[in-house]
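As stored in upload-v7.cif (mmCIF, C-alpha atoms):
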```
data_protein
loop_
_atom_site.label_atom_id
_atom_site.label_comp_id
_atom_site.auth_asym_id
_atom_site.auth_seq_id
_atom_site.Cartn_x
_atom_site.Cartn_y
_atom_site.Cartn_z
CA MET A 217 -32.57 -7.33 -19.71
CA ASP A 218 -30.98 -10.80 -19.74
CA ARG A 219 -30.37 -10.53 -23.47
CA LEU A 220 -28.62 -7.20 -23.01
CA LEU A 221 -26.46 -8.50 -20.16
CA ASN A 222 -25.54 -11.62 -22.15
CA LYS A 223 -23.90 -9.39 -24.75
CA PHE A 224 -21.40 -8.30 -22.09
CA ARG A 225 -20.61 -11.85 -20.95
CA ILE A 226 -16.86 -12.49 -20.94
CA LYS A 227 -15.76 -15.97 -21.97
CA SER A 228 -12.12 -15.70 -20.89
CA SER A 229 -11.68 -17.15 -17.40
CA LEU A 230 -8.58 -15.02 -16.83
CA ALA A 231 -10.46 -11.83 -17.70
CA ARG A 232 -13.30 -12.77 -15.35
CA GLU A 233 -10.87 -13.50 -12.53
CA CYS A 234 -9.02 -10.23 -13.05
CA LEU A 235 -12.25 -8.23 -12.98
CA ALA A 236 -13.30 -10.04 -9.81
CA GLU A 237 -9.98 -9.21 -8.15
CA CYS A 238 -10.30 -5.59 -9.24
CA LEU A 239 -13.80 -5.24 -7.82
CA GLY A 240 -12.95 -7.12 -4.61
CA VAL A 241 -9.99 -4.83 -3.90
CA TYR A 242 -12.11 -1.82 -4.83
CA ILE A 243 -14.70 -2.73 -2.19
CA MET A 244 -12.00 -3.37 0.41
CA ILE A 245 -10.25 -0.03 -0.13
CA LEU A 246 -13.48 1.92 -0.59
CA PHE A 247 -14.62 1.00 2.91
CA GLY A 248 -11.14 1.02 4.43
CA CYS A 249 -9.87 4.37 3.12
CA GLY A 250 -13.38 5.78 3.41
CA SER A 251 -13.29 5.12 7.15
CA VAL A 252 -9.89 6.85 7.40
CA ALA A 253 -11.25 9.84 5.49
CA GLN A 254 -14.24 10.12 7.82
CA VAL A 255 -12.15 9.94 10.98
CA THR A 256 -9.48 12.33 9.67
CA THR A 257 -11.66 15.05 8.19
CA SER A 258 -14.02 15.05 11.19
CA GLU A 259 -11.02 15.24 13.54
CA ASN A 260 -12.18 12.13 15.40
CA SER A 261 -15.71 13.42 15.99
CA ASN A 262 -17.17 10.83 13.56
CA GLY A 263 -15.13 7.82 14.55
CA HIS A 264 -11.82 6.85 16.07
CA TYR A 265 -8.95 4.44 15.41
CA LEU A 266 -11.20 1.44 16.00
CA SER A 267 -13.51 2.73 13.27
CA ILE A 268 -10.64 2.50 10.81
CA ASN A 269 -9.85 -1.05 11.89
CA LEU A 270 -13.48 -2.05 11.47
CA GLY A 271 -13.65 -0.33 8.08
CA PHE A 272 -10.72 -2.32 6.70
CA ALA A 273 -11.84 -5.55 8.36
CA LEU A 274 -15.39 -5.40 7.04
CA GLY A 275 -14.17 -4.06 3.71
CA THR A 276 -11.96 -7.13 3.42
CA THR A 277 -14.87 -9.39 4.37
CA PHE A 278 -17.18 -8.04 1.70
CA GLY A 279 -14.38 -7.82 -0.86
CA VAL A 280 -13.81 -11.54 -0.35
CA TYR A 281 -17.53 -12.27 -0.68
CA VAL A 282 -17.65 -10.29 -3.94
CA SER A 283 -14.79 -12.10 -5.67
CA ARG A 284 -14.27 -15.44 -3.92
CA GLY A 285 -16.44 -17.55 -6.20
CA VAL A 286 -14.72 -16.25 -9.35
CA SER A 287 -11.04 -15.63 -8.58
CA GLY A 288 -10.49 -17.10 -5.13
CA ALA A 289 -10.39 -13.59 -3.62
CA HIS A 290 -6.65 -13.10 -3.22
CA LEU A 291 -7.11 -9.30 -3.08
CA ASN A 292 -3.41 -9.00 -2.29
CA PRO A 293 -0.33 -9.45 -4.51
CA ALA A 294 1.58 -10.91 -1.55
CA VAL A 295 -1.08 -13.60 -1.14
CA SER A 296 -1.07 -14.34 -4.88
CA LEU A 297 2.73 -14.61 -4.81
CA SER A 298 2.65 -17.04 -1.89
CA LEU A 299 0.04 -19.22 -3.55
CA CYS A 300 2.20 -19.35 -6.67
CA PHE A 301 5.14 -20.58 -4.58
CA LEU A 302 2.88 -23.26 -3.12
CA GLY A 303 1.85 -24.36 -6.60
CA ARG A 304 -1.78 -23.44 -5.96
CA HIS A 305 -1.90 -20.59 -8.48
CA PRO A 306 -0.37 -20.37 -11.98
CA TRP A 307 2.68 -18.12 -12.26
CA THR A 308 1.48 -16.97 -15.67
CA ARG A 309 -1.58 -15.34 -14.08
CA LEU A 310 0.31 -13.56 -11.31
CA PRO A 311 1.14 -10.35 -13.28
CA PHE A 312 -2.48 -9.98 -14.37
CA TYR A 313 -3.82 -10.48 -10.85
CA VAL A 314 -1.35 -7.94 -9.46
CA LEU A 315 -2.16 -5.37 -12.13
CA PHE A 316 -5.90 -5.54 -11.54
CA GLN A 317 -5.50 -5.57 -7.77
CA ILE A 318 -3.54 -2.32 -8.01
CA LEU A 319 -6.10 -0.91 -10.43
CA GLY A 320 -8.93 -1.68 -8.02
CA ALA A 321 -7.10 0.07 -5.17
CA PHE A 322 -6.34 3.07 -7.40
CA MET A 323 -9.98 3.43 -8.44
CA ALA A 324 -11.19 3.08 -4.86
CA ALA A 325 -8.83 5.84 -3.71
CA ALA A 326 -10.12 8.07 -6.50
CA THR A 327 -13.70 7.36 -5.42
CA VAL A 328 -12.95 8.22 -1.78
CA ALA A 329 -11.20 11.42 -2.86
CA LEU A 330 -14.23 12.47 -4.90
CA GLN A 331 -16.66 11.54 -2.16
CA TYR A 332 -14.71 13.45 0.49
CA TYR A 333 -13.40 16.23 -1.75
CA ASP A 334 -15.17 19.04 0.10
CA ALA A 335 -14.31 17.62 3.51
CA ILE A 336 -10.63 17.23 2.56
CA GLN A 337 -10.48 20.77 1.21
CA LEU A 338 -12.07 22.21 4.35
CA TYR A 339 -9.92 20.16 6.71
CA SER A 340 -6.64 20.91 4.91
CA GLY A 341 -7.42 24.51 4.04
CA GLY A 342 -6.98 23.66 0.38
CA HIS A 343 -3.38 22.49 0.83
CA LEU A 344 -2.83 18.82 0.03
CA THR A 345 0.07 17.82 2.26
CA VAL A 346 1.78 14.56 3.19
CA SER A 347 3.05 15.55 6.63
CA GLY A 348 2.12 18.04 9.30
CA PRO A 349 -0.95 18.59 11.51
CA LYS A 350 -3.34 18.82 8.55
CA ALA A 351 -1.81 16.12 6.37
CA THR A 352 -4.30 14.17 4.27
CA ALA A 353 -2.11 11.78 2.23
CA GLY A 354 -2.40 9.29 5.09
CA ILE A 355 -6.06 8.87 4.23
CA PHE A 356 -5.00 6.83 1.23
CA SER A 357 -1.63 5.19 1.90
CA THR A 358 0.48 4.21 4.88
CA TYR A 359 3.32 6.26 6.37
CA PRO A 360 5.62 5.40 9.29
CA ALA A 361 5.35 6.98 12.72
CA ASP A 362 8.04 9.55 13.47
CA TYR A 363 9.78 7.23 15.91
CA LEU A 364 9.93 4.25 13.54
CA SER A 365 13.28 3.33 12.02
CA LEU A 366 13.58 1.83 8.55
CA TRP A 367 14.48 -1.62 9.90
CA GLY A 368 11.77 -1.34 12.49
CA GLY A 369 9.27 -0.63 9.73
CA ILE A 370 10.48 -3.58 7.67
CA MET A 371 10.15 -5.89 10.67
CA ASP A 372 6.70 -4.48 11.40
CA GLN A 373 5.46 -5.30 7.90
CA VAL A 374 7.13 -8.71 7.74
CA VAL A 375 5.63 -9.82 11.05
CA GLY A 376 2.16 -8.46 10.28
CA THR A 377 1.94 -9.99 6.81
CA ALA A 378 3.39 -13.29 8.00
CA ALA A 379 0.69 -13.46 10.68
CA LEU A 380 -1.95 -12.71 8.05
CA MET A 381 -0.69 -15.48 5.77
CA VAL A 382 -0.46 -18.08 8.55
CA CYS A 383 -4.08 -17.42 9.50
CA ILE A 384 -5.31 -17.45 5.89
CA LEU A 385 -3.62 -20.80 5.23
CA ALA A 386 -5.04 -22.24 8.44
CA LEU A 387 -8.57 -21.13 7.56
CA GLY A 388 -8.33 -22.91 4.21
CA ASP A 389 -6.50 -26.05 5.33
CA SER A 390 -8.94 -28.92 4.83
CA ARG A 391 -6.74 -31.29 6.86
CA ASN A 392 -6.58 -29.00 9.87
CA SER A 393 -9.79 -27.44 11.20
CA PRO A 394 -10.94 -25.23 8.31
CA ALA A 395 -13.59 -22.58 8.68
CA PRO A 396 -17.02 -23.35 7.23
CA ALA A 397 -17.07 -22.20 3.62
CA GLY A 398 -19.57 -19.41 4.15
CA LEU A 399 -17.73 -18.05 7.20
CA GLN A 400 -14.24 -17.86 5.71
CA PRO A 401 -14.61 -14.25 4.49
CA VAL A 402 -15.85 -13.17 7.92
CA LEU A 403 -12.89 -14.81 9.64
CA VAL A 404 -10.40 -13.33 7.16
CA GLY A 405 -11.87 -9.94 8.04
CA ALA A 406 -11.45 -10.81 11.72
CA VAL A 407 -7.77 -11.55 11.09
CA VAL A 408 -7.35 -8.10 9.52
CA LEU A 409 -9.14 -6.58 12.52
CA VAL A 410 -6.95 -8.27 15.12
CA ILE A 411 -3.77 -7.31 13.23
CA GLY A 412 -5.00 -3.73 13.07
CA VAL A 413 -5.74 -3.44 16.78
CA SER A 414 -2.47 -5.12 17.76
CA MET A 415 0.04 -3.98 15.11
CA GLY A 416 -1.36 -0.86 13.52
CA SER A 417 0.30 2.05 15.31
CA ASN A 418 3.79 1.77 13.81
CA SER A 419 2.92 2.29 10.16
CA GLY A 420 -0.74 1.56 9.51
CA TYR A 421 -0.49 -2.20 8.82
CA ALA A 422 -0.47 -2.12 5.01
CA LEU A 423 -0.09 -5.93 4.71
CA ASN A 424 -0.87 -5.56 1.02
CA PRO A 425 1.26 -4.01 -1.76
CA ALA A 426 -1.78 -3.13 -3.88
CA ARG A 427 -3.57 -1.53 -0.94
CA ASP A 428 -0.63 0.88 -0.57
CA ILE A 429 0.80 1.53 -4.03
CA GLY A 430 -2.53 1.95 -5.82
CA PRO A 431 -3.74 4.82 -3.61
CA ARG A 432 -0.20 6.24 -3.46
CA LEU A 433 -0.09 6.51 -7.24
CA PHE A 434 -3.46 8.23 -7.12
CA THR A 435 -2.28 10.82 -4.60
CA TYR A 436 0.85 11.40 -6.69
CA ILE A 437 -1.18 12.48 -9.72
CA ALA A 438 -4.08 14.07 -7.81
CA GLY A 439 -2.20 16.94 -6.19
CA TRP A 440 -0.08 15.62 -3.35
CA GLY A 441 2.96 15.38 -5.64
CA ASP A 442 6.19 13.43 -5.36
CA GLU A 443 6.32 13.95 -1.60
CA VAL A 444 4.23 10.78 -1.30
CA PHE A 445 7.34 8.87 -2.41
CA LYS A 446 9.84 10.93 -0.38
CA ALA A 447 8.06 11.02 2.97
CA GLY A 448 9.17 8.73 5.76
CA ARG A 449 12.72 8.59 4.37
CA GLY A 450 11.46 7.02 1.13
CA TRP A 451 9.03 4.71 2.92
CA TRP A 452 6.98 3.85 -0.18
CA TRP A 453 8.96 0.70 -1.11
CA VAL A 454 8.63 -0.94 2.33
CA PRO A 455 4.91 -1.84 1.95
CA LEU A 456 5.78 -3.35 -1.42
CA VAL A 457 8.83 -5.46 -0.57
CA ALA A 458 8.42 -6.24 3.13
CA THR A 459 4.82 -7.42 2.74
CA CYS A 460 5.79 -9.88 0.01
CA ALA A 461 8.69 -11.12 2.12
CA GLY A 462 6.38 -11.42 5.12
CA ALA A 463 3.83 -13.43 3.18
CA LEU A 464 6.51 -15.88 2.07
CA VAL A 465 7.81 -16.15 5.64
CA GLY A 466 4.31 -16.84 6.92
CA THR A 467 3.76 -19.44 4.22
CA LEU A 468 7.03 -21.18 5.10
CA ILE A 469 6.18 -21.15 8.81
CA TYR A 470 2.77 -22.73 8.28
CA GLU A 471 4.11 -25.32 5.86
CA LEU A 472 7.01 -26.37 8.10
CA LEU A 473 5.19 -26.31 11.43
CA ILE A 474 1.72 -27.53 10.45
CA GLU A 475 0.90 -28.65 6.94
CA VAL A 476 3.90 -30.83 6.16
CA HIS A 477 3.14 -32.93 9.25
CA HIS A 478 -0.39 -33.89 8.23
CA PRO A 479 -0.79 -37.65 7.64
CA GLU A 480 -0.80 -38.69 4.02
CA LYS A 481 -4.26 -38.72 2.46
CA GLY A 482 -4.06 -42.48 1.85
CA LEU A 483 -3.24 -43.09 5.49
CA ILE A 484 -6.13 -40.88 6.54
CA SER A 485 -8.55 -42.85 4.38
CA GLU A 486 -7.22 -46.19 5.66
CA SER A 487 -7.42 -45.04 9.27
CA SER A 488 -10.93 -43.73 8.73
CA ALA A 489 -12.03 -47.04 7.18
CA GLN A 490 -10.52 -48.99 10.06
CA GLY A 491 -12.25 -46.72 12.53
CA GLN A 492 -15.59 -47.21 10.83
CA ALA A 493 -15.12 -51.01 10.82
CA THR A 494 -14.28 -50.99 14.53
CA GLU A 495 -17.32 -48.86 15.31
CA SER A 496 -19.55 -51.21 13.33
CA ARG A 497 -18.15 -54.26 15.10
CA GLN A 498 -18.67 -52.64 18.50
CA ALA A 499 -22.22 -51.72 17.56
CA VAL A 500 -22.96 -55.32 16.62
CA GLU A 501 -21.51 -56.56 19.89
CA LEU A 502 -23.53 -54.08 21.90
CA HIS A 503 -26.75 -54.76 20.02
CA PRO A 504 -26.79 -58.49 19.05
CA GLU A 505 -29.36 -59.60 16.57
CA LYS A 506 -32.02 -62.07 17.78
CA LYS A 507 -32.62 -65.10 15.63
CA ASP A 508 -35.81 -67.09 15.48
CA PRO A 509 -36.40 -68.83 18.86
CA LYS A 510 -36.99 -72.05 16.98
CA ASP A 511 -33.30 -72.21 16.15
CA GLY A 512 -32.47 -72.72 19.81
CA LEU A 513 -29.41 -70.37 19.49
CA ASP A 514 -28.64 -67.35 21.63
CA GLY A 515 -28.36 -65.16 18.54
CA THR A 516 -25.14 -63.38 19.58
CA ILE A 517 -22.97 -62.46 16.63
CA MET A 518 -19.30 -62.08 17.44
#
```

As structure tokens:
Amino acid sequence: MDRLLNKFRIKSSLARECLAECLGVYIMILFGCGSVAQVTTSENSNGHYLSINLGFALGTTFGVYVSRGVSGAHLNPAVSLSLCFLGRHPWTRLPFYVLFQILGAFMAAATVALQYYDAIQLYSGGHLTVSGPKATAGIFSTYPADYLSLWGGIMDQVVGTAALMVCILALGDSRNSPAPAGLQPVLVGAVVLVIGVSMGSNSGYALNPARDIGPRLFTYIAGWGDEVFKAGRGWWWVPLVATCAGALVGTLIYELLIEVHHPEKGLISESSAQGQATESRQAVELHPEKKDPKDGLDGTIM
């Protein structure tokens, strides 16, 4: 078996990272949109709004676990863009990451549609609609509430994605109080959960361009038609643009309010060394060594 698998080994690091991003996003959307499909088609008898939040949160957690060791688990074009601005990710790899993130979301939406095909057909009466009491397009992508204005929706996505990015940067900041390495995916999922339960009612907290456009493209070609781009007064571009803007705003906030104020690494090392020397000196003073009684000295070392 190992010999067979070795034939499929990919040597290109970029290709491996792209595949990891694709699979990580696939897992995230499979669980997230799958939870929406279950709640929607069962008319809330097999879950409620909290189920959807948990589905996306845990989907994000396991998506990060799947891809983190290979690609860093961005799973979000807005996150990749922000890391490029910070100089922590090569600009040349950004288009490839984004493409495979969208591909993963597209494939996950297709999987959910196949898995829930019969349920969707029964629930909708065979009519795939974007709006109305039996609409099913919302299983896959986000749409604004009827009361939400365009600017209100933009603000909603900017604030939500900025909050996501601030928390992600904090969890990975080694000079702040970073999460233990093995717990970072769990805490990223917790961030998604808390954003969902606090900011989800306006437009479904997309927070992620790939999470929205990948499934939206699937619904466009799978029978829902061009209404997926017209609904919500042409809402489709907001989860693309506002989430990227929000991620950059969140990055700027964290950099200006937290990270730029960390002591320089050299000063940290010097301070740490001085602290260790002081502790050693205090330990010696508290626990003096005893010399041989023949010396006739008290043995105290200052």

Could you tell me, as a PyMOL selection string, exactly which residues end up selected when the PyMOL selection byres ((chain A and resi 254-261) around 10) is applied to this structure?
chain A and resi 249-253+262-268+328+332+334-340+350-352+354-355

Gly285 (chain A): which residues within 12 Å, counting only C-alpha atoms, same-chain residues fewer than 5 positions away excluded, as a VMD selection string?
chain A and resid 232 to 233 236 to 237 240 279 to 280 290 397 to 398 401

Long-range neighbours of Ala289 (chain A) as a PyMOL selection string, 12 Å cut-off, all atoms listed in the file, 2 positions minimum in chain
chain A and resi 233-244+276-287+291-293+295-296+299+313+317+384+400-401+404

Write out as an mmCIF file with C-alpha atoms, in the coordinates of the input which residues come within 10 Å of region 466-472 of chain A when counting only C-alpha atoms, dropping same-chain ones fewer than 2 positions away.
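In the end it all went to selection.cif:
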```
data_model
loop_
_atom_site.group_PDB
_atom_site.id
_atom_site.type_symbol
_atom_site.label_atom_id
_atom_site.label_comp_id
_atom_site.auth_asym_id
_atom_site.auth_seq_id
_atom_site.Cartn_x
_atom_site.Cartn_y
_atom_site.Cartn_z
ATOM 1 C CA VAL A 295 -1.080 -13.600 -1.140
ATOM 2 C CA SER A 298 2.650 -17.040 -1.890
ATOM 3 C CA LEU A 299 0.040 -19.220 -3.550
ATOM 4 C CA PHE A 301 5.140 -20.580 -4.580
ATOM 5 C CA LEU A 302 2.880 -23.260 -3.120
ATOM 6 C CA VAL A 374 7.130 -8.710 7.740
ATOM 7 C CA VAL A 375 5.630 -9.820 11.050
ATOM 8 C CA GLY A 376 2.160 -8.460 10.280
ATOM 9 C CA THR A 377 1.940 -9.990 6.810
ATOM 10 C CA ALA A 378 3.390 -13.290 8.000
ATOM 11 C CA ALA A 379 0.690 -13.460 10.680
ATOM 12 C CA LEU A 380 -1.950 -12.710 8.050
ATOM 13 C CA MET A 381 -0.690 -15.480 5.770
ATOM 14 C CA VAL A 382 -0.460 -18.080 8.550
ATOM 15 C CA CYS A 383 -4.080 -17.420 9.500
ATOM 16 C CA ILE A 384 -5.310 -17.450 5.890
ATOM 17 C CA LEU A 385 -3.620 -20.800 5.230
ATOM 18 C CA ALA A 386 -5.040 -22.240 8.440
ATOM 19 C CA CYS A 460 5.790 -9.880 0.010
ATOM 20 C CA ALA A 461 8.690 -11.120 2.120
ATOM 21 C CA GLY A 462 6.380 -11.420 5.120
ATOM 22 C CA ALA A 463 3.830 -13.430 3.180
ATOM 23 C CA LEU A 464 6.510 -15.880 2.070
ATOM 24 C CA ILE A 474 1.720 -27.530 10.450
ATOM 25 C CA GLU A 475 0.900 -28.650 6.940
ATOM 26 C CA VAL A 476 3.900 -30.830 6.160
ATOM 27 C CA HIS A 477 3.140 -32.930 9.250
ATOM 28 C CA HIS A 478 -0.390 -33.890 8.230
#
```

With the file shown as input, list the residues that the PyMOL selection byres ((chain A and resi 345) around 10) selects, as a PyMOL selection string.
chain A and resi 340+342-344+346-354+439-441+443-444

May I have the selected residues written with C-alpha atoms, as a tab-separated table (two decimals), in the frame of the given file?
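And here is the file that came out, selection-v4.tsv:
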```
chain	number	residue	atom	x	y	z
A	340	SER	CA	-6.64	20.91	4.91
A	342	GLY	CA	-6.98	23.66	0.38
A	343	HIS	CA	-3.38	22.49	0.83
A	344	LEU	CA	-2.83	18.82	0.03
A	346	VAL	CA	1.78	14.56	3.19
A	347	SER	CA	3.05	15.55	6.63
A	348	GLY	CA	2.12	18.04	9.30
A	349	PRO	CA	-0.95	18.59	11.51
A	350	LYS	CA	-3.34	18.82	8.55
A	351	ALA	CA	-1.81	16.12	6.37
A	352	THR	CA	-4.30	14.17	4.27
A	353	ALA	CA	-2.11	11.78	2.23
A	354	GLY	CA	-2.40	9.29	5.09
A	439	GLY	CA	-2.20	16.94	-6.19
A	440	TRP	CA	-0.08	15.62	-3.35
A	441	GLY	CA	2.96	15.38	-5.64
A	443	GLU	CA	6.32	13.95	-1.60
A	444	VAL	CA	4.23	10.78	-1.30
```

Nearest-residue call for Tyr363 (chain A), choices A:Pro306, A:Leu423, A:Cys300, A:Gly448, using all atoms listed in the file:
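Between A:Pro306, A:Leu423, A:Cys300, A:Gly448, the residue approaching Tyr363 (chain A) most closely is A:Gly448.
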
Atom-to-atom span, CA of Leu456 (chain A) and CA of Ile437 (chain A), Å:
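According to the coordinates, CA of Leu456 (chain A) and CA of Ile437 (chain A) are separated by 19.2 Å.
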
Gap from CA of Trp453 (chain A) to CA of Leu387 (chain A) - Å, one decimal
29.3 Å

Could you check the closest approach to Gly271 (chain A) for each of A:Val457, A:Ala426, A:Ala406, A:Val314 and tell me which residue wins, using all atoms listed in the file?
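Nearest to Gly271 (chain A): A:Ala406.
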
When you draw a straight line from CA of Leu330 (chain A) to CA of Ser417 (chain A), how long is it in Å?
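That distance, rounded to one decimal, is 27.0 Å.
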
Given 3 Å of margin on each side, can you work out the centre and size in Å (one decimal) of an axis-aligned box holding every listed atom of region 341-345 of chain A, as AutoDock Vina command-line options?
```
--center_x -3.7 --center_y 21.2 --center_z 2.0 --size_x 13.5 --size_y 12.7 --size_z 10.0
```

Which residues, named as in the file, does the PyMOL selection byres ((chain A and resi 430) around 7) pick out? Answer as a count of residues only.
12

Near Val413 (chain A), within 8 Å and counting all atoms listed in the file, which residues show up once chain neighbours fewer than 3 positions away are dropped, as a PyMOL selection string?
chain A and resi 266+269+409-410+416
